[in-house]
$ cat entry_35.cif   # mmCIF, C-alpha atoms and all ligand atoms
data_start
loop_
_atom_site.label_atom_id
_atom_site.label_comp_id
_atom_site.auth_asym_id
_atom_site.auth_seq_id
_atom_site.Cartn_x
_atom_site.Cartn_y
_atom_site.Cartn_z
CA MET O 1 117.67 108.97 99.96
CA THR O 2 116.03 105.57 99.33
CA LEU O 3 117.92 102.35 99.96
CA GLU O 4 118.55 100.20 96.93
CA ALA O 5 117.95 96.60 97.98
CA ILE O 6 117.84 95.20 94.44
CA ARG O 7 120.29 96.28 91.72
CA TYR O 8 119.26 95.11 88.31
CA ARG O 9 120.65 95.99 84.91
CA THR O 10 119.77 93.82 81.94
CA GLY O 11 121.70 90.58 82.39
CA SER O 12 122.99 91.32 85.90
CA LEU O 13 121.42 91.20 89.35
CA GLN O 14 122.74 92.09 92.78
CA ILE O 15 120.99 92.10 96.13
CA LEU O 16 121.89 93.92 99.31
CA ASN O 17 122.74 91.09 101.71
CA GLN O 18 120.26 91.77 104.54
CA LEU O 19 121.92 89.23 106.85
CA LEU O 20 124.85 91.64 107.19
CA LEU O 21 122.78 94.76 107.86
CA PRO O 22 123.00 97.13 109.63
CA HIS O 23 126.74 96.71 110.14
CA GLN O 24 127.94 95.96 106.63
CA THR O 25 126.62 97.05 103.24
CA VAL O 26 127.50 94.24 100.85
CA TYR O 27 125.87 93.51 97.50
CA ASP O 28 125.88 89.84 96.43
CA ASP O 29 125.75 88.76 92.80
CA ILE O 30 122.78 86.62 91.83
CA ARG O 31 123.79 84.80 88.66
CA SER O 32 121.21 82.02 88.58
CA VAL O 33 117.84 80.83 89.79
CA GLN O 34 119.68 78.61 92.28
CA ASP O 35 121.57 81.66 93.68
CA ALA O 36 118.22 83.41 94.16
CA TYR O 37 116.65 80.33 95.77
CA GLU O 38 119.48 80.20 98.31
CA ALA O 39 119.38 83.96 98.97
CA ILE O 40 115.61 83.79 99.59
CA LYS O 41 115.80 80.67 101.77
CA SER O 42 118.64 82.07 103.90
CA MET O 43 116.87 85.46 104.08
CA LYS O 44 119.64 87.50 102.47
CA VAL O 45 116.62 88.94 100.72
CA ARG O 46 113.21 88.80 102.40
CA GLY O 47 109.84 90.53 102.45
CA ALA O 48 107.02 89.17 100.29
CA PRO O 49 107.32 91.50 97.27
CA ALA O 50 111.14 91.42 97.22
CA ILE O 51 111.16 87.62 97.27
CA ALA O 52 109.04 87.49 94.11
CA ILE O 53 110.96 90.24 92.33
CA VAL O 54 114.40 88.77 93.04
CA GLY O 55 113.19 85.29 92.16
CA CYS O 56 111.80 86.40 88.82
CA LEU O 57 114.77 88.67 88.02
CA SER O 58 117.15 85.75 88.57
CA LEU O 59 115.17 83.91 85.91
CA ALA O 60 115.50 86.93 83.60
CA VAL O 61 119.28 86.87 84.11
CA GLU O 62 119.47 83.22 83.10
CA LEU O 63 117.14 83.70 80.15
CA ARG O 64 119.26 86.59 78.93
CA ALA O 65 122.21 84.16 78.82
CA GLY O 66 120.15 81.79 76.66
CA ALA O 67 118.95 79.36 79.33
CA GLY O 68 116.35 76.83 78.24
CA GLY O 69 117.82 76.49 74.73
CA ASP O 70 115.11 75.29 72.38
CA ASP O 71 112.63 74.68 75.19
CA PRO O 72 112.53 77.80 77.37
CA VAL O 73 108.99 77.04 78.59
CA THR O 74 110.15 73.91 80.43
CA PHE O 75 113.10 75.81 81.92
CA ILE O 76 110.80 78.64 83.04
CA ARG O 77 108.28 76.20 84.58
CA GLU O 78 110.93 74.26 86.54
CA SER O 79 112.66 77.44 87.70
CA LEU O 80 109.44 79.04 88.94
CA CYS O 81 108.43 75.87 90.73
CA HIS O 82 111.81 75.75 92.51
CA LEU O 83 111.68 79.44 93.48
CA THR O 84 108.14 79.15 94.83
CA SER O 85 109.21 76.38 97.21
CA ALA O 86 111.86 78.54 98.95
CA ARG O 87 109.43 80.28 101.33
CA PRO O 88 105.83 79.06 101.25
CA THR O 89 103.83 81.65 103.22
CA ALA O 90 104.33 84.78 101.10
CA VAL O 91 102.03 84.43 98.11
CA ASN O 92 103.78 86.92 95.82
CA MET O 93 106.25 84.44 94.33
CA GLY O 94 103.58 81.80 93.70
CA ARG O 95 101.27 84.33 92.16
CA ALA O 96 104.00 85.78 89.93
CA ALA O 97 104.90 82.22 88.91
CA ARG O 98 101.31 81.46 87.89
CA GLU O 99 100.89 84.68 85.92
CA LEU O 100 104.30 84.44 84.26
CA MET O 101 103.76 80.80 83.29
CA GLU O 102 100.42 81.63 81.70
CA PHE O 103 102.06 84.50 79.81
CA ALA O 104 104.98 82.32 78.66
CA GLU O 105 102.68 79.54 77.48
CA ASN O 106 100.57 82.00 75.46
CA GLU O 107 103.64 83.62 73.95
CA SER O 108 105.09 80.25 72.99
CA MET O 109 102.19 79.66 70.59
CA GLU O 110 103.40 82.35 68.21
CA LYS O 111 107.04 83.07 69.08
CA ASN O 112 110.30 81.23 68.64
CA SER O 113 112.56 80.50 71.63
CA GLU O 114 114.58 83.70 71.31
CA GLN O 115 111.49 85.91 70.97
CA LEU O 116 109.85 84.11 73.89
CA ARG O 117 112.88 84.75 76.10
CA GLU O 118 112.78 88.44 75.18
CA SER O 119 109.10 88.87 75.99
CA VAL O 120 109.38 86.98 79.30
CA ILE O 121 112.36 89.15 80.29
CA ALA O 122 110.33 92.29 79.47
CA TRP O 123 107.41 90.99 81.58
CA ILE O 124 109.75 90.42 84.52
CA GLU O 125 111.52 93.77 84.20
CA ASP O 126 108.14 95.46 84.36
CA MET O 127 107.57 93.97 87.84
CA LEU O 128 110.15 96.30 89.39
CA GLU O 129 108.46 99.44 88.16
CA ARG O 130 104.95 98.19 88.95
CA ASP O 131 105.91 97.38 92.54
CA VAL O 132 107.37 100.83 93.27
CA ASN O 133 104.35 102.56 91.67
CA ASP O 134 101.93 100.40 93.67
CA ASN O 135 103.82 101.11 96.88
CA ARG O 136 103.62 104.86 96.34
CA LYS O 137 99.86 104.55 95.89
CA ILE O 138 99.61 102.44 99.05
CA GLY O 139 101.61 105.11 100.89
CA ASN O 140 99.31 107.89 99.75
CA TYR O 141 96.04 106.04 100.30
CA GLY O 142 97.16 104.87 103.74
CA ALA O 143 98.37 108.29 104.84
CA GLN O 144 95.16 110.00 103.70
CA HIS O 145 92.98 107.40 105.42
CA ILE O 146 94.82 107.69 108.72
CA LEU O 147 94.86 111.49 108.57
CA SER O 148 91.13 111.65 107.82
CA GLY O 149 90.56 110.56 111.42
CA VAL O 150 92.81 113.30 112.83
CA PRO O 151 92.40 116.34 110.56
CA ARG O 152 94.96 118.63 112.17
CA ASP O 153 97.29 116.57 114.33
CA SER O 154 100.55 114.79 113.68
CA VAL O 155 100.25 111.05 114.06
CA THR O 156 102.17 108.35 115.88
CA ILE O 157 102.36 104.95 114.20
CA LEU O 158 103.40 101.56 115.48
CA THR O 159 104.75 99.07 112.94
CA HIS O 160 106.20 95.57 112.95
CA CYS O 161 108.94 93.74 111.03
CA ASN O 162 110.39 95.44 107.96
CA THR O 163 108.13 96.48 105.11
CA GLY O 164 110.25 99.23 103.57
CA SER O 165 112.57 99.61 100.59
CA LEU O 166 114.43 96.52 101.74
CA ALA O 167 111.33 94.33 101.51
CA THR O 168 110.09 95.60 98.14
CA ALA O 169 111.37 97.08 94.89
CA GLY O 170 111.40 100.43 96.71
CA TYR O 171 109.39 102.77 98.97
CA GLY O 172 107.68 99.98 100.92
CA THR O 173 104.16 99.09 102.01
CA ALA O 174 103.44 99.72 105.71
CA LEU O 175 106.69 101.64 105.95
CA GLY O 176 105.67 103.38 102.73
CA VAL O 177 102.61 104.70 104.60
CA VAL O 178 104.95 105.94 107.32
CA ARG O 179 107.20 107.48 104.66
CA SER O 180 104.23 109.28 103.07
CA LEU O 181 103.10 110.64 106.45
CA HIS O 182 106.65 111.88 107.06
CA THR O 183 106.79 113.53 103.62
CA LEU O 184 103.49 115.28 104.37
CA GLY O 185 105.03 116.62 107.59
CA ARG O 186 102.36 114.82 109.62
CA LEU O 187 104.41 112.01 111.22
CA LYS O 188 105.26 112.68 114.82
CA ARG O 189 107.00 109.34 115.34
CA VAL O 190 106.98 105.70 114.34
CA TYR O 191 107.53 103.01 116.95
CA CYS O 192 109.13 99.94 115.44
CA THR O 193 109.16 96.60 117.17
CA GLU O 194 112.42 94.71 117.37
CA THR O 195 110.66 91.71 115.69
CA ARG O 196 112.22 88.67 117.29
CA PRO O 197 113.56 86.24 116.45
CA TYR O 198 115.08 87.65 113.29
CA ASN O 199 115.14 91.29 114.32
CA GLN O 200 113.92 92.78 111.05
CA GLY O 201 112.68 95.77 113.10
CA SER O 202 115.88 96.61 114.96
CA ARG O 203 118.22 95.69 112.10
CA LEU O 204 116.29 96.79 109.02
CA THR O 205 113.40 99.15 109.80
CA ALA O 206 115.55 101.08 112.26
CA TYR O 207 118.30 101.23 109.62
CA GLU O 208 115.90 102.62 107.00
CA ALA O 209 114.44 105.13 109.46
CA VAL O 210 117.85 106.40 110.57
CA ALA O 211 119.14 106.55 106.97
CA GLU O 212 116.14 108.61 105.89
CA GLY O 213 115.71 110.85 108.92
CA ILE O 214 112.30 109.44 109.87
CA PRO O 215 111.65 110.01 113.60
CA ALA O 216 111.59 106.49 115.01
CA THR O 217 111.84 104.70 118.33
CA LEU O 218 112.74 101.07 118.75
CA ILE O 219 110.86 98.91 121.26
CA THR O 220 111.00 95.21 122.09
CA ASP O 221 108.02 93.14 120.98
CA SER O 222 106.97 92.75 124.60
CA MET O 223 106.62 96.54 125.01
CA ALA O 224 103.94 96.90 122.34
CA ALA O 225 100.82 96.92 124.56
CA LEU O 226 102.45 99.34 126.99
CA THR O 227 103.50 101.58 124.10
CA MET O 228 99.90 101.61 122.83
CA ARG O 229 98.66 102.65 126.25
CA GLU O 230 101.32 105.28 127.01
CA MET O 231 102.47 106.77 123.72
CA HIS O 232 99.23 107.92 122.06
CA ILE O 233 99.51 105.57 119.10
CA THR O 234 97.20 106.79 116.31
CA ALA O 235 97.29 103.58 114.27
CA VAL O 236 99.11 100.29 113.92
CA VAL O 237 100.22 99.61 110.33
CA VAL O 238 101.78 96.31 109.29
CA GLY O 239 102.52 94.52 106.03
CA ALA O 240 101.32 91.14 104.77
CA ASP O 241 102.67 87.97 103.30
CA ARG O 242 99.25 86.78 102.24
CA VAL O 243 95.78 88.28 102.56
CA VAL O 244 93.05 85.73 101.80
CA ALA O 245 89.47 86.15 100.58
CA ASN O 246 87.86 86.90 103.95
CA GLY O 247 90.64 89.37 104.86
CA ASP O 248 92.53 87.10 107.27
CA THR O 249 96.18 88.08 106.97
CA ALA O 250 99.43 86.16 107.40
CA ASN O 251 102.30 88.40 108.41
CA LYS O 252 105.43 88.27 110.54
CA VAL O 253 104.85 86.36 113.77
CA GLY O 254 103.76 88.80 116.46
CA THR O 255 101.32 90.64 114.22
CA TYR O 256 98.35 88.76 115.71
CA GLN O 257 99.13 89.86 119.26
CA LEU O 258 99.59 93.47 118.08
CA ALA O 259 96.10 93.35 116.54
CA ILE O 260 94.61 92.02 119.78
CA ALA O 261 96.34 94.73 121.80
CA ALA O 262 95.27 97.43 119.32
CA LYS O 263 91.63 96.28 119.59
CA HIS O 264 91.83 96.44 123.39
CA HIS O 265 93.10 100.02 123.21
CA GLY O 266 90.67 101.14 120.49
CA ILE O 267 93.51 101.83 118.04
CA PRO O 268 92.81 101.27 114.31
CA PHE O 269 94.78 98.35 112.92
CA TYR O 270 95.76 98.50 109.24
CA VAL O 271 97.32 95.98 106.87
CA ALA O 272 99.19 97.58 103.95
CA ALA O 273 99.73 95.23 101.01
CA PRO O 274 99.74 95.31 97.22
CA SER O 275 97.14 93.21 95.43
CA THR O 276 100.02 90.86 94.53
CA SER O 277 100.00 89.82 98.22
CA CYS O 278 96.31 88.90 98.08
CA ASP O 279 95.16 85.36 97.46
CA LEU O 280 91.46 85.04 96.75
CA SER O 281 91.84 81.32 96.09
CA LEU O 282 91.94 80.69 99.85
CA GLU O 283 88.75 81.25 101.84
CA SER O 284 90.22 81.77 105.29
CA GLY O 285 93.52 82.12 107.11
CA ARG O 286 93.28 78.54 108.35
CA ASP O 287 94.29 77.43 104.83
CA ILE O 288 97.59 79.35 104.80
CA ILE O 289 100.77 77.29 105.12
CA ILE O 290 102.95 78.80 107.83
CA GLU O 291 106.71 78.47 107.35
CA VAL O 292 108.51 77.02 110.36
CA ARG O 293 112.15 78.15 110.48
CA PRO O 294 115.23 76.60 112.11
CA PRO O 295 115.48 76.57 115.94
CA GLU O 296 118.88 78.31 115.80
CA GLU O 297 117.12 81.61 114.99
CA LEU O 298 115.78 81.54 118.56
CA THR O 299 118.63 79.87 120.39
CA SER O 300 121.49 82.02 119.05
CA ILE O 301 122.27 85.44 117.64
CA ASN O 302 125.01 85.61 115.02
CA GLY O 303 126.18 82.19 116.15
CA VAL O 304 126.37 83.18 119.85
CA PRO O 305 124.15 80.87 121.97
CA ILE O 306 121.53 82.69 124.06
CA ALA O 307 119.25 79.84 125.18
CA ALA O 308 119.67 76.87 127.51
CA PRO O 309 121.26 74.03 125.52
CA GLY O 310 118.81 71.21 124.86
CA ILE O 311 115.63 73.31 125.02
CA GLU O 312 113.00 72.45 122.41
CA VAL O 313 111.97 75.26 120.06
CA TRP O 314 108.94 76.17 117.96
CA ASN O 315 109.75 78.88 115.44
CA PRO O 316 106.84 79.73 113.12
CA ALA O 317 107.89 82.69 110.97
CA PHE O 318 104.35 84.06 110.55
CA ASP O 319 100.98 84.16 112.23
CA VAL O 320 97.49 84.83 110.96
CA THR O 321 95.51 87.85 112.11
CA PRO O 322 91.76 87.21 111.89
CA HIS O 323 89.96 89.76 109.70
CA GLN O 324 87.77 90.93 112.63
CA LEU O 325 90.89 92.52 114.15
CA ILE O 326 91.80 94.50 111.02
CA THR O 327 89.70 97.45 112.11
CA GLY O 328 91.35 100.28 110.14
CA GLY O 329 91.32 98.51 106.80
CA ILE O 330 93.46 96.86 104.17
CA ILE O 331 95.49 99.45 102.28
CA THR O 332 96.12 98.43 98.67
CA GLU O 333 97.19 100.27 95.52
CA LEU O 334 93.47 100.37 94.65
CA GLY O 335 92.41 102.09 97.85
CA VAL O 336 91.62 101.24 101.48
CA PHE O 337 89.01 98.54 102.06
CA LEU O 338 87.43 96.77 104.97
CA PRO O 339 88.24 93.04 104.99
CA SER O 340 84.61 92.35 103.99
CA GLU O 341 85.05 94.58 100.89
CA LEU O 342 88.36 93.12 99.72
CA GLN O 343 87.07 90.46 97.32
CA ALA O 344 84.76 92.88 95.56
CA ALA O 345 87.51 95.50 95.38
CA LEU O 346 90.06 93.13 93.87
CA THR O 347 87.65 91.76 91.33
CA GLY O 348 86.64 95.25 90.20
CA ARG O 349 83.19 95.18 91.72
CA LEU O 350 83.99 97.93 94.22
CA THR O 351 86.06 101.06 93.85
CA ALA O 352 87.57 103.21 96.58
CA LEU O 353 85.88 106.47 97.46
C1 LIG M 401 106.43 94.45 102.33
S1 LIG M 401 106.97 93.13 103.23
C2 LIG M 401 105.53 92.35 103.88
C3 LIG M 401 105.84 91.14 104.68
O1 LIG M 401 106.58 90.25 103.88
C4 LIG M 401 106.59 91.48 105.97
O2 LIG M 401 105.72 92.16 106.82
C5 LIG M 401 107.11 90.23 106.62
O3 LIG M 401 106.41 89.57 107.35
C6 LIG M 401 108.47 89.80 106.22
O4 LIG M 401 108.86 88.59 106.80
P1 LIG M 401 110.29 88.01 106.45
O5 LIG M 401 110.35 86.72 107.21
O6 LIG M 401 111.28 89.00 106.91
O7 LIG M 401 110.32 87.78 104.96
#
$ encode --input "entry_35.cif" --output "structure tokens"
Amino acid sequence: MTLEAIRYRTGSLQILNQLLLPHQTVYDDIRSVQDAYEAIKSMKVRGAPAIAIVGCLSLAVELRAGAGGDDPVTFIRESLCHLTSARPTAVNMGRAARELMEFAENESMEKNSEQLRESVIAWIEDMLERDVNDNRKIGNYGAQHILSGVPRDSVTILTHCNTGSLATAGYGTALGVVRSLHTLGRLKRVYCTETRPYNQGSRLTAYEAVAEGIPATLITDSMAALTMREMHITAVVVGADRVVANGDTANKVGTYQLAIAAKHHGIPFYVAAPSTSCDLSLESGRDIIIEVRPPEELTSINGVPIAAPGIEVWNPAFDVTPHQLITGGIITELGVFLPSELQAALTGRLTAL
């Protein structure tokens, strides 16, 4: 069974409200671009690919109802600009916005408003299918690469945050690799970090693992180095919000320290991400804007205070892992590449073996 985080039928969109998981399964209607903006900002839906897909599908819903009237291009441009501002670190929404805008502008040269709306909707609907297909390829490539280092054994993986069906159109990226290993009968266990402050690991990854019968153990973030030393971790596999040209990778805060600990223990560290999460326009990770989220995410849980009143808080949602620490490789739908090979691979100058 695979969780359905995004329910889309032409003209209607619902998302599984991830703020209520794992205790309640509630689907919220997304009727407009503004609904999607708020759902993304408040993290009812999160995960780089899912943010872009829900954002764009909300636009498709409005276009289906005739939004934009005689000037759909302006409506599309303003909507995409608004959606891109909701969460700045994940590149997927910005990239989809750029590509979709280019497509819409080209289409507008030869189509009337109604035809333009139809072709933009079709472009957006295609995103769902493309994402699931890409994730399955990432799962297979990643599993094969990890298993090539341990030809006969079952493997133990450590992962961070949530990168599964809930964070994508389905299957997942890093968790997709775990899923593929499990399907092959070669996954001994996955350790998932709690992922403070928002607990995507304990609330969401644990929920997916339990729902799908994947052998999983939850640890706090502070147990990661100890787990690497004691639990025979074969590889660390995480997702990405943005991979830049030199391979530096922004992902959920805490990823950087996992990469340092993995290097210390000689454990391969992999980033699993579709090419839609790659941004070759930025040279290095220093150029990535890191979203800083509200202090309440640290000082309370579900509204219950857990920190000393008056304490100051710094709450960056992501950190950047330098490419030198990504020792296993970057797993994409095109294959597995070293950070130094990424640019060539994404521009078609290098193909996977
Ligand atoms: C396939 S999801 C990849 C990343 O978006 C994921 O690892 C992550 O950092 C999610 O952060 P979140 O703040 O929950 O949106």
$ residues_near_ligand --input "entry_35.cif" --ligand "ligand LIG 401 (chain M)" --cutoff "6 Å" --atoms "all atoms listed in the file" --output "ChimeraX atom specification"
/O:46-49,161-163,167-168,172-173,239-241,251-252
$ write_last_selection --input "entry_35.cif" --atoms "C-alpha atoms" --output "short mmCIF file (atom, residue, chain, number, x, y, z; two decimals), keeping the file's coordinate frame"
data_model
loop_
_atom_site.label_atom_id
_atom_site.label_comp_id
_atom_site.auth_asym_id
_atom_site.auth_seq_id
_atom_site.Cartn_x
_atom_site.Cartn_y
_atom_site.Cartn_z
CA ARG O 46 113.21 88.80 102.40
CA GLY O 47 109.84 90.53 102.45
CA ALA O 48 107.02 89.17 100.29
CA PRO O 49 107.32 91.50 97.27
CA CYS O 161 108.94 93.74 111.03
CA ASN O 162 110.39 95.44 107.96
CA THR O 163 108.13 96.48 105.11
CA ALA O 167 111.33 94.33 101.51
CA THR O 168 110.09 95.60 98.14
CA GLY O 172 107.68 99.98 100.92
CA THR O 173 104.16 99.09 102.01
CA GLY O 239 102.52 94.52 106.03
CA ALA O 240 101.32 91.14 104.77
CA ASP O 241 102.67 87.97 103.30
CA ASN O 251 102.30 88.40 108.41
CA LYS O 252 105.43 88.27 110.54
#
$ closest_residue --input "entry_35.cif" --among "O:Gly68, O:Arg186, O:Ile290, O:Ile301" --to "O:Pro151" --atoms "all atoms listed in the file"
O:Arg186
$ residues_around --input "entry_35.cif" --residues "stretch 4-16 of chain O" --least-positions-apart "2" --cutoff "6 Å" --atoms "only C-alpha atoms" --output "list in words"
Gln18, Val26, Tyr27, Asp28, Asp29, Ile30, Val61, Arg64 and Leu166 of chain O
$ residues_near_point --input "entry_35.cif" --point "(95.5, 86.9, 106.6)" --cutoff "12 Å" --atoms "all atoms listed in the file" --output "ChimeraX atom specification"
/O:89-91,238-253,255-256,259,270-273,277-280,282-290,318-326,330,339,342
$ atom_distance --input "entry_35.cif" --atom1 "atom CA of O:Gly328" --atom2 "atom CA of O:Phe269"
4.8 Å
$ atom_distance --input "entry_35.cif" --atom1 "atom CA of O:Ala50" --atom2 "atom CA of O:Ala169"
6.1 Å
$ axis_aligned_box --input "entry_35.cif" --around "stretch 233-237 of chain O" --padding-each-side "5 Å" --output "lines of an AutoDock Vina configuration file"
center_x = 98.7
center_y = 103.2
center_z = 114.7
size_x = 13.0
size_y = 17.2
size_z = 18.8
$ closest_residue --input "entry_35.cif" --among "O:Thr156, O:Thr332, O:Thr299, O:Gln144" --to "O:Ile267" --atoms "only C-alpha atoms"
O:Thr156
$ residues_near_point --input "entry_35.cif" --point "(113.6, 87.3, 79.2)" --cutoff "12 Å" --atoms "all atoms listed in the file" --output "JSON, numbers by chain"
{"O": [10, 11, 56, 57, 58, 59, 60, 61, 62, 63, 64, 65, 66, 67, 68, 72, 73, 75, 76, 100, 103, 104, 107, 113, 114, 115, 116, 117, 118, 119, 120, 121, 122, 123, 124, 125, 126]}
$ atom_distance --input "entry_35.cif" --atom1 "atom CA of O:Gln200" --atom2 "atom CA of O:Ala97"
26.1 Å
$ decode --input "entry_35.cif" --residues "stretch 334-352 of chain O" --atoms "N, CA, C and O atoms" --output "short mmCIF file (atom, residue, chain, number, x, y, z; two decimals), in the first residue's frame"
data_model
loop_
_atom_site.label_atom_id
_atom_site.label_comp_id
_atom_site.auth_asym_id
_atom_site.auth_seq_id
_atom_site.Cartn_x
_atom_site.Cartn_y
_atom_site.Cartn_z
N LEU O 334 18.64 9.84 -13.51
CA LEU O 334 19.55 9.56 -14.64
C LEU O 334 20.66 8.59 -14.26
O LEU O 334 21.40 8.12 -15.11
N GLY O 335 20.81 8.34 -12.98
CA GLY O 335 21.86 7.46 -12.50
C GLY O 335 22.47 8.04 -11.23
O GLY O 335 21.97 9.02 -10.68
N VAL O 336 23.58 7.42 -10.77
CA VAL O 336 24.25 7.85 -9.55
C VAL O 336 25.56 8.52 -9.96
O VAL O 336 26.36 7.93 -10.69
N PHE O 337 25.77 9.72 -9.47
CA PHE O 337 26.95 10.49 -9.89
C PHE O 337 27.69 11.05 -8.69
O PHE O 337 27.07 11.38 -7.67
N LEU O 338 28.99 11.17 -8.84
CA LEU O 338 29.75 11.91 -7.83
C LEU O 338 29.39 13.38 -7.97
O LEU O 338 29.04 13.83 -9.06
N PRO O 339 29.52 14.15 -6.88
CA PRO O 339 29.21 15.59 -7.00
C PRO O 339 29.97 16.24 -8.16
O PRO O 339 29.42 17.07 -8.88
N SER O 340 31.21 15.83 -8.37
CA SER O 340 32.02 16.45 -9.44
C SER O 340 31.49 16.08 -10.84
O SER O 340 31.87 16.71 -11.83
N GLU O 341 30.65 15.06 -10.94
CA GLU O 341 30.12 14.63 -12.25
C GLU O 341 28.73 15.21 -12.53
O GLU O 341 28.20 15.05 -13.63
N LEU O 342 28.14 15.82 -11.51
CA LEU O 342 26.71 16.18 -11.61
C LEU O 342 26.40 17.10 -12.79
O LEU O 342 25.47 16.84 -13.56
N GLN O 343 27.18 18.17 -12.93
CA GLN O 343 26.90 19.13 -14.00
C GLN O 343 26.90 18.46 -15.35
O GLN O 343 25.99 18.65 -16.16
N ALA O 344 27.94 17.67 -15.60
CA ALA O 344 28.05 16.99 -16.89
C ALA O 344 26.89 16.03 -17.08
O ALA O 344 26.33 15.91 -18.18
N ALA O 345 26.50 15.35 -16.00
CA ALA O 345 25.40 14.38 -16.12
C ALA O 345 24.09 15.08 -16.45
O ALA O 345 23.32 14.62 -17.29
N LEU O 346 23.84 16.21 -15.81
CA LEU O 346 22.56 16.88 -16.01
C LEU O 346 22.49 17.62 -17.34
O LEU O 346 21.41 17.90 -17.84
N THR O 347 23.64 17.92 -17.89
CA THR O 347 23.62 18.60 -19.18
C THR O 347 23.87 17.62 -20.33
O THR O 347 24.16 18.01 -21.45
N GLY O 348 23.79 16.32 -20.01
CA GLY O 348 23.85 15.30 -21.05
C GLY O 348 25.25 14.96 -21.52
O GLY O 348 25.42 14.27 -22.51
N ARG O 349 26.26 15.49 -20.82
CA ARG O 349 27.62 15.22 -21.27
C ARG O 349 28.20 13.95 -20.62
O ARG O 349 29.29 13.53 -20.92
N LEU O 350 27.44 13.37 -19.71
CA LEU O 350 27.91 12.17 -19.02
C LEU O 350 26.72 11.26 -18.77
O LEU O 350 25.67 11.73 -18.33
N THR O 351 26.86 9.99 -19.08
CA THR O 351 25.76 9.07 -18.79
C THR O 351 26.21 8.06 -17.76
O THR O 351 27.40 7.76 -17.66
N ALA O 352 25.22 7.54 -17.00
CA ALA O 352 25.55 6.58 -15.95
C ALA O 352 26.00 5.28 -16.57
O ALA O 352 25.61 4.94 -17.69
#
